[in-house]
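Chemist: Sending over a structure as C-alpha coordinates; questions will come in a sec.
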Amino acid sequence: MFVIVDSREIVTAGYAAGFEREGFACMALTPSELPEWVKTASEDDLASIEAFLLGECEERPDFPRLVRSYCDQAPILALDERPSLDQTLELFACGVDDVLRKPIHVREILARVGAIRRRTMTEADNLEVGRIKVFFDGRDALVGGEVFELPRRERRILEYLARNHGRRVTKTQIYNAVYGLMNEEVDECVVESHVSKLRKKLKARLGYDPVESKRYIGYMLKAQPQEAASRPAQDARRSATAPAERV
(Lines give C-alpha, C1' and ligand atoms only; values in the text may rest on other atoms or scores of the structure.)
Protein backbone atom coordinates (compact mmCIF):
# COMPACT_ATOMS: atom_id res chain seq x y z
CA MET A 1 0.00 0.00 0.00
CA PHE A 2 1.13 3.54 -0.80
CA VAL A 3 0.50 6.53 1.46
CA ILE A 4 0.18 9.89 -0.28
CA VAL A 5 0.19 13.12 1.72
CA ASP A 6 -1.16 16.31 0.18
CA SER A 7 -3.60 19.00 1.27
CA ARG A 8 -5.35 18.97 -2.11
CA GLU A 9 -7.97 16.26 -2.51
CA ILE A 10 -7.78 16.46 -6.30
CA VAL A 11 -4.11 15.42 -6.12
CA THR A 12 -4.57 12.53 -3.71
CA ALA A 13 -7.70 11.30 -5.54
CA GLY A 14 -5.88 11.32 -8.85
CA TYR A 15 -2.98 9.25 -7.59
CA ALA A 16 -5.27 6.90 -5.65
CA ALA A 17 -7.14 6.18 -8.89
CA GLY A 18 -3.87 5.61 -10.72
CA PHE A 19 -2.60 3.12 -8.14
CA GLU A 20 -6.00 1.42 -8.13
CA ARG A 21 -5.76 0.84 -11.89
CA GLU A 22 -2.39 -0.83 -11.38
CA GLY A 23 -3.77 -3.02 -8.59
CA PHE A 24 -2.16 -1.20 -5.65
CA ALA A 25 -3.90 0.22 -2.61
CA CYS A 26 -3.38 3.88 -1.79
CA MET A 27 -4.28 5.78 1.37
CA ALA A 28 -4.64 9.57 1.21
CA LEU A 29 -3.80 11.75 4.21
CA THR A 30 -3.73 15.50 4.71
CA PRO A 31 -0.55 17.00 6.20
CA SER A 32 -2.32 17.48 9.52
CA GLU A 33 -3.45 13.82 9.62
CA LEU A 34 -0.07 12.18 8.96
CA PRO A 35 1.61 12.75 12.37
CA GLU A 36 -1.27 11.31 14.39
CA TRP A 37 -1.79 8.39 12.04
CA VAL A 38 1.84 7.28 11.88
CA LYS A 39 2.12 7.47 15.69
CA THR A 40 -0.97 5.32 16.33
CA ALA A 41 -0.76 2.84 13.43
CA SER A 42 -0.15 -0.79 14.34
CA GLU A 43 3.00 -2.68 13.35
CA ASP A 44 1.01 -4.69 10.79
CA ASP A 45 -0.34 -1.49 9.23
CA LEU A 46 3.11 0.05 8.96
CA ALA A 47 4.57 -3.18 7.58
CA SER A 48 2.05 -3.12 4.72
CA ILE A 49 3.26 0.28 3.44
CA GLU A 50 5.39 0.16 0.30
CA ALA A 51 6.22 3.87 0.15
CA PHE A 52 5.24 7.35 1.34
CA LEU A 53 4.63 10.03 -1.28
CA LEU A 54 4.88 13.59 0.02
CA GLY A 55 3.19 16.34 -1.96
CA GLU A 56 3.91 20.01 -1.48
CA CYS A 57 3.07 21.38 1.97
CA GLU A 58 4.73 23.53 4.60
CA GLU A 59 5.27 20.59 6.95
CA ARG A 60 7.04 18.42 4.37
CA PRO A 61 10.63 19.06 5.55
CA ASP A 62 9.73 17.60 8.96
CA PHE A 63 7.93 14.50 7.68
CA PRO A 64 10.85 12.20 6.67
CA ARG A 65 12.31 12.19 10.20
CA LEU A 66 8.84 11.70 11.71
CA VAL A 67 7.98 8.81 9.40
CA ARG A 68 11.29 7.03 9.89
CA SER A 69 10.99 7.13 13.65
CA TYR A 70 7.99 4.79 13.31
CA CYS A 71 8.47 3.14 9.91
CA ASP A 72 12.10 2.88 8.86
CA GLN A 73 11.76 0.51 5.91
CA ALA A 74 9.31 2.21 3.52
CA PRO A 75 10.94 4.57 0.99
CA ILE A 76 9.94 8.24 1.16
CA LEU A 77 9.53 10.15 -2.11
CA ALA A 78 8.72 13.82 -2.64
CA LEU A 79 6.47 15.00 -5.49
CA ASP A 80 7.80 18.31 -6.80
CA GLU A 81 5.72 20.56 -9.06
CA ARG A 82 8.17 23.45 -9.45
CA PRO A 83 11.64 22.37 -10.55
CA SER A 84 14.15 24.09 -8.31
CA LEU A 85 17.68 22.98 -7.52
CA ASP A 86 17.62 24.59 -4.08
CA GLN A 87 14.34 22.88 -3.17
CA THR A 88 15.55 19.53 -4.49
CA LEU A 89 18.73 19.74 -2.41
CA GLU A 90 16.70 20.75 0.63
CA LEU A 91 14.40 17.75 0.23
CA PHE A 92 17.32 15.33 0.01
CA ALA A 93 18.88 16.98 3.05
CA CYS A 94 15.62 16.40 4.94
CA GLY A 95 15.89 12.67 4.26
CA VAL A 96 13.73 11.79 1.24
CA ASP A 97 14.91 8.91 -0.94
CA ASP A 98 13.97 10.51 -4.26
CA VAL A 99 12.40 13.65 -5.72
CA LEU A 100 9.89 13.05 -8.52
CA ARG A 101 8.96 15.73 -11.02
CA LYS A 102 5.24 16.09 -11.70
CA PRO A 103 3.47 15.09 -13.79
CA ILE A 104 4.66 11.51 -13.36
CA HIS A 105 2.94 8.23 -14.23
CA VAL A 106 2.14 5.76 -11.44
CA ARG A 107 4.14 3.08 -13.26
CA GLU A 108 7.25 5.22 -13.05
CA ILE A 109 6.65 5.68 -9.32
CA LEU A 110 6.39 1.90 -8.94
CA ALA A 111 9.64 1.42 -10.87
CA ARG A 112 11.49 4.01 -8.77
CA VAL A 113 10.23 2.54 -5.51
CA GLY A 114 11.33 -0.90 -6.69
CA ALA A 115 14.79 0.46 -7.55
CA ILE A 116 15.13 2.04 -4.10
CA ARG A 117 14.14 -1.18 -2.38
CA ARG A 118 16.61 -3.23 -4.42
CA ARG A 119 19.39 -0.78 -3.66
CA THR A 120 18.76 -0.16 0.03
CA MET A 121 17.03 -3.34 1.15
CA THR A 122 18.61 -5.93 -1.17
CA GLU A 123 15.16 -6.68 -2.57
CA ALA A 124 15.11 -8.17 -6.06
CA ASP A 125 12.62 -7.25 -8.76
CA ASN A 126 11.50 -10.88 -8.82
CA LEU A 127 11.29 -13.78 -6.41
CA GLU A 128 11.03 -17.54 -6.89
CA VAL A 129 9.20 -19.81 -4.49
CA GLY A 130 9.43 -23.34 -5.82
CA ARG A 131 7.94 -23.35 -9.33
CA ILE A 132 6.35 -19.93 -8.82
CA LYS A 133 8.19 -16.80 -9.95
CA VAL A 134 6.62 -13.42 -9.20
CA PHE A 135 7.65 -9.95 -10.32
CA PHE A 136 7.21 -6.69 -8.43
CA ASP A 137 7.04 -4.39 -11.45
CA GLY A 138 3.55 -5.23 -12.66
CA ARG A 139 4.42 -8.21 -14.86
CA ASP A 140 2.43 -11.44 -14.69
CA ALA A 141 3.92 -14.26 -12.64
CA LEU A 142 5.46 -17.39 -14.11
CA VAL A 143 4.13 -20.68 -12.77
CA GLY A 144 5.71 -23.88 -13.99
CA GLY A 145 7.76 -21.79 -16.44
CA GLU A 146 4.69 -20.34 -18.18
CA VAL A 147 3.00 -16.96 -17.92
CA PHE A 148 0.27 -17.07 -15.29
CA GLU A 149 -2.27 -14.32 -15.94
CA LEU A 150 -4.36 -13.23 -12.97
CA PRO A 151 -6.82 -10.44 -12.13
CA ARG A 152 -4.87 -7.64 -10.48
CA ARG A 153 -6.16 -8.37 -6.94
CA GLU A 154 -5.16 -12.03 -7.11
CA ARG A 155 -1.81 -11.07 -8.61
CA ARG A 156 -1.14 -8.66 -5.73
CA ILE A 157 -2.08 -11.34 -3.19
CA LEU A 158 0.31 -13.80 -4.84
CA GLU A 159 3.08 -11.18 -4.77
CA TYR A 160 2.40 -10.45 -1.10
CA LEU A 161 2.43 -14.15 -0.17
CA ALA A 162 5.66 -14.65 -2.12
CA ARG A 163 7.31 -11.66 -0.46
CA ASN A 164 6.41 -13.19 2.92
CA HIS A 165 7.00 -16.84 2.01
CA GLY A 166 8.07 -18.97 4.93
CA ARG A 167 5.90 -17.10 7.41
CA ARG A 168 2.17 -16.77 7.90
CA VAL A 169 0.25 -13.64 7.04
CA THR A 170 -3.23 -12.91 8.30
CA LYS A 171 -6.31 -11.98 6.34
CA THR A 172 -6.04 -8.47 7.77
CA GLN A 173 -2.44 -8.08 6.59
CA ILE A 174 -3.39 -9.16 3.07
CA TYR A 175 -6.39 -6.83 3.08
CA ASN A 176 -4.29 -3.87 4.20
CA ALA A 177 -1.67 -4.56 1.53
CA VAL A 178 -4.17 -5.00 -1.31
CA TYR A 179 -7.08 -2.70 -0.42
CA GLY A 180 -5.60 -0.17 1.97
CA LEU A 181 -6.22 0.69 5.58
CA MET A 182 -9.04 3.17 5.10
CA ASN A 183 -11.11 1.44 2.43
CA GLU A 184 -14.49 1.06 4.09
CA GLU A 185 -16.35 0.15 0.89
CA VAL A 186 -14.89 -3.37 0.67
CA ASP A 187 -15.37 -5.96 3.42
CA GLU A 188 -12.29 -7.75 4.70
CA CYS A 189 -13.94 -11.10 3.99
CA VAL A 190 -13.39 -10.54 0.25
CA VAL A 191 -9.80 -11.67 0.85
CA GLU A 192 -11.02 -15.23 1.47
CA SER A 193 -12.78 -15.26 -1.90
CA HIS A 194 -9.71 -13.96 -3.75
CA VAL A 195 -7.39 -16.42 -2.01
CA SER A 196 -9.76 -19.32 -2.75
CA LYS A 197 -9.81 -18.47 -6.48
CA LEU A 198 -6.04 -18.04 -6.53
CA ARG A 199 -5.47 -21.41 -4.85
CA LYS A 200 -7.70 -23.22 -7.36
CA LYS A 201 -5.82 -21.71 -10.30
CA LEU A 202 -2.42 -22.51 -8.79
CA LYS A 203 -3.49 -26.07 -8.01
CA ALA A 204 -4.70 -26.57 -11.57
CA ARG A 205 -1.31 -25.46 -12.91
CA LEU A 206 0.98 -27.08 -10.30
CA GLY A 207 -0.98 -30.19 -9.39
CA TYR A 208 -1.00 -29.27 -5.70
CA ASP A 209 -2.20 -26.41 -3.51
CA PRO A 210 0.84 -24.21 -2.68
CA VAL A 211 -1.03 -22.02 -0.20
CA GLU A 212 -1.33 -23.45 3.30
CA SER A 213 -4.22 -22.05 5.33
CA LYS A 214 -4.85 -22.37 9.05
CA ARG A 215 -7.89 -20.84 10.66
CA TYR A 216 -7.19 -17.85 12.94
CA ILE A 217 -3.49 -18.04 12.02
CA GLY A 218 -3.33 -17.12 8.35
CA TYR A 219 -1.87 -18.14 5.01
CA MET A 220 1.59 -19.23 3.92
CA LEU A 221 3.01 -19.88 0.46
CA LYS A 222 4.85 -23.22 0.22
CA ALA A 223 7.62 -24.10 -2.21
CA GLN A 224 6.52 -27.74 -2.56
CA PRO A 225 3.69 -30.10 -1.60
CA GLN A 226 3.44 -31.02 2.06
CA GLU A 227 4.03 -34.71 1.34
CA ALA A 228 7.19 -33.87 -0.64
CA ALA A 229 8.48 -31.65 2.15
CA SER A 230 7.97 -34.35 4.77
CA ARG A 231 9.42 -37.20 2.69
CA PRO A 232 13.12 -36.53 3.52
CA ALA A 233 12.34 -36.62 7.24
CA GLN A 234 10.36 -39.86 6.83
CA ASP A 235 13.19 -41.43 4.81
CA ALA A 236 15.67 -40.41 7.48
CA ARG A 237 13.56 -42.03 10.20
CA ARG A 238 13.24 -45.23 8.17
CA SER A 239 17.01 -45.35 7.66
CA ALA A 240 17.63 -44.85 11.35
CA THR A 241 15.27 -47.64 12.37
CA ALA A 242 16.10 -50.12 9.55
CA PRO A 243 18.19 -53.19 10.57
CA ALA A 244 21.82 -53.10 9.48
CA GLU A 245 22.75 -55.26 6.49
CA ARG A 246 24.63 -58.39 7.22
CA VAL A 247 28.04 -58.63 5.63
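As shown in the C-alpha coordinates, the chain order sets the letters A, B, ...; within each chain, residues go from 1, and ligands are also counted from 1 in the order they appear.
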Residues of region 48-121 of chain A that have any atom at most 12 Å from an atom of region 149-173 of chain A: could you tabulate them with the shortest-distance atom pair and the distance in Å to one decimal, using only C-alpha atoms, ordered by chain and increasing number, as CSV?
Modeler:
residue,atom,partner,partner_atom,distance
A:Ser48,CA,A:Gln173,CA,6.9
A:Ile49,CA,A:Gln173,CA,10.6
A:Glu50,CA,A:Tyr160,CA,11.1
Chemist: With N, CA, C and O atoms retained, write the just-selected residues as a PDB file, in the first residue's frame.
Modeler:
ATOM      1  N   SER A  48       2.707  -2.966   6.017  1.00  0.00           N
ATOM      2  CA  SER A  48       2.052  -3.116   4.717  1.00  0.00           C
ATOM      3  C   SER A  48       2.336  -1.949   3.779  1.00  0.00           C
ATOM      4  O   SER A  48       1.948  -1.979   2.618  1.00  0.00           O
ATOM      5  N   ILE A  49       3.025  -0.915   4.250  1.00  0.00           N
ATOM      6  CA  ILE A  49       3.265   0.278   3.437  1.00  0.00           C
ATOM      7  C   ILE A  49       4.482   0.065   2.537  1.00  0.00           C
ATOM      8  O   ILE A  49       5.554  -0.318   2.996  1.00  0.00           O
ATOM      9  N   GLU A  50       4.302   0.324   1.262  1.00  0.00           N
ATOM     10  CA  GLU A  50       5.394   0.158   0.300  1.00  0.00           C
ATOM     11  C   GLU A  50       6.163   1.451   0.084  1.00  0.00           C
ATOM     12  O   GLU A  50       7.338   1.413  -0.290  1.00  0.00           O
TER      13      GLU A  50
END
Chemist: Write down as a PyMOL selection string the residues belonging to region 16-195 of chain A that are assigned strand (DSSP E or B) by DSSP computed on the backbone.
Modeler: chain A and resi 26-29+51-54+76-80+98-101+126-129+132-135+141-143+146-148+169
Chemist: If you count only C-alpha atoms, which residues fall within 12 Å of Asp62 (chain A), apart from same-chain ones fewer than 2 positions away, as number ranges by chain?
Modeler: A: 31, 34-35, 54, 57-60, 64-69, 90-96
Chemist: What's the separation between CA of Lys39 (chain A) and CA of Phe63 (chain A), in Å to one decimal place?
Modeler: 12.1 Å
Chemist: List every residue of region 139-190 of chain A that DSSP, applied to the backbone, labels as helix (DSSP H, G or I), and write the result as a list of chain:residue names.
Modeler: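 In region 139-190 of chain A, DSSP puts these residues in helix (DSSP H, G or I): A:Arg152, A:Arg153, A:Glu154, A:Arg155, A:Arg156, A:Ile157, A:Leu158, A:Glu159, A:Tyr160, A:Leu161, A:Ala162, A:Arg163, A:Lys171, A:Thr172, A:Gln173, A:Ile174, A:Tyr175, A:Asn176, A:Ala177, A:Val178, A:Tyr179, A:Val190.
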Chemist: Give me, please, the distance in Å between CA of Leu100 (chain A) and CA of Asp45 (chain A), quoted to one decimal.
Modeler: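 Atom-to-atom, CA of Leu100 (chain A) and CA of Asp45 (chain A) are spaced 25.1 Å apart.
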Chemist: CA of Gln224 (chain A) and CA of Val129 (chain A), how far apart in Å?
Modeler: 8.6 Å
Chemist: Name all residues at most 8 Å from region 17-22 of chain A (count only C-alpha atoms; drop same-chain ones fewer than 5 positions away) and give them as a list in words.
Modeler: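 The filter keeps Val106, Arg107, Gly138 and Arg152 of chain A.
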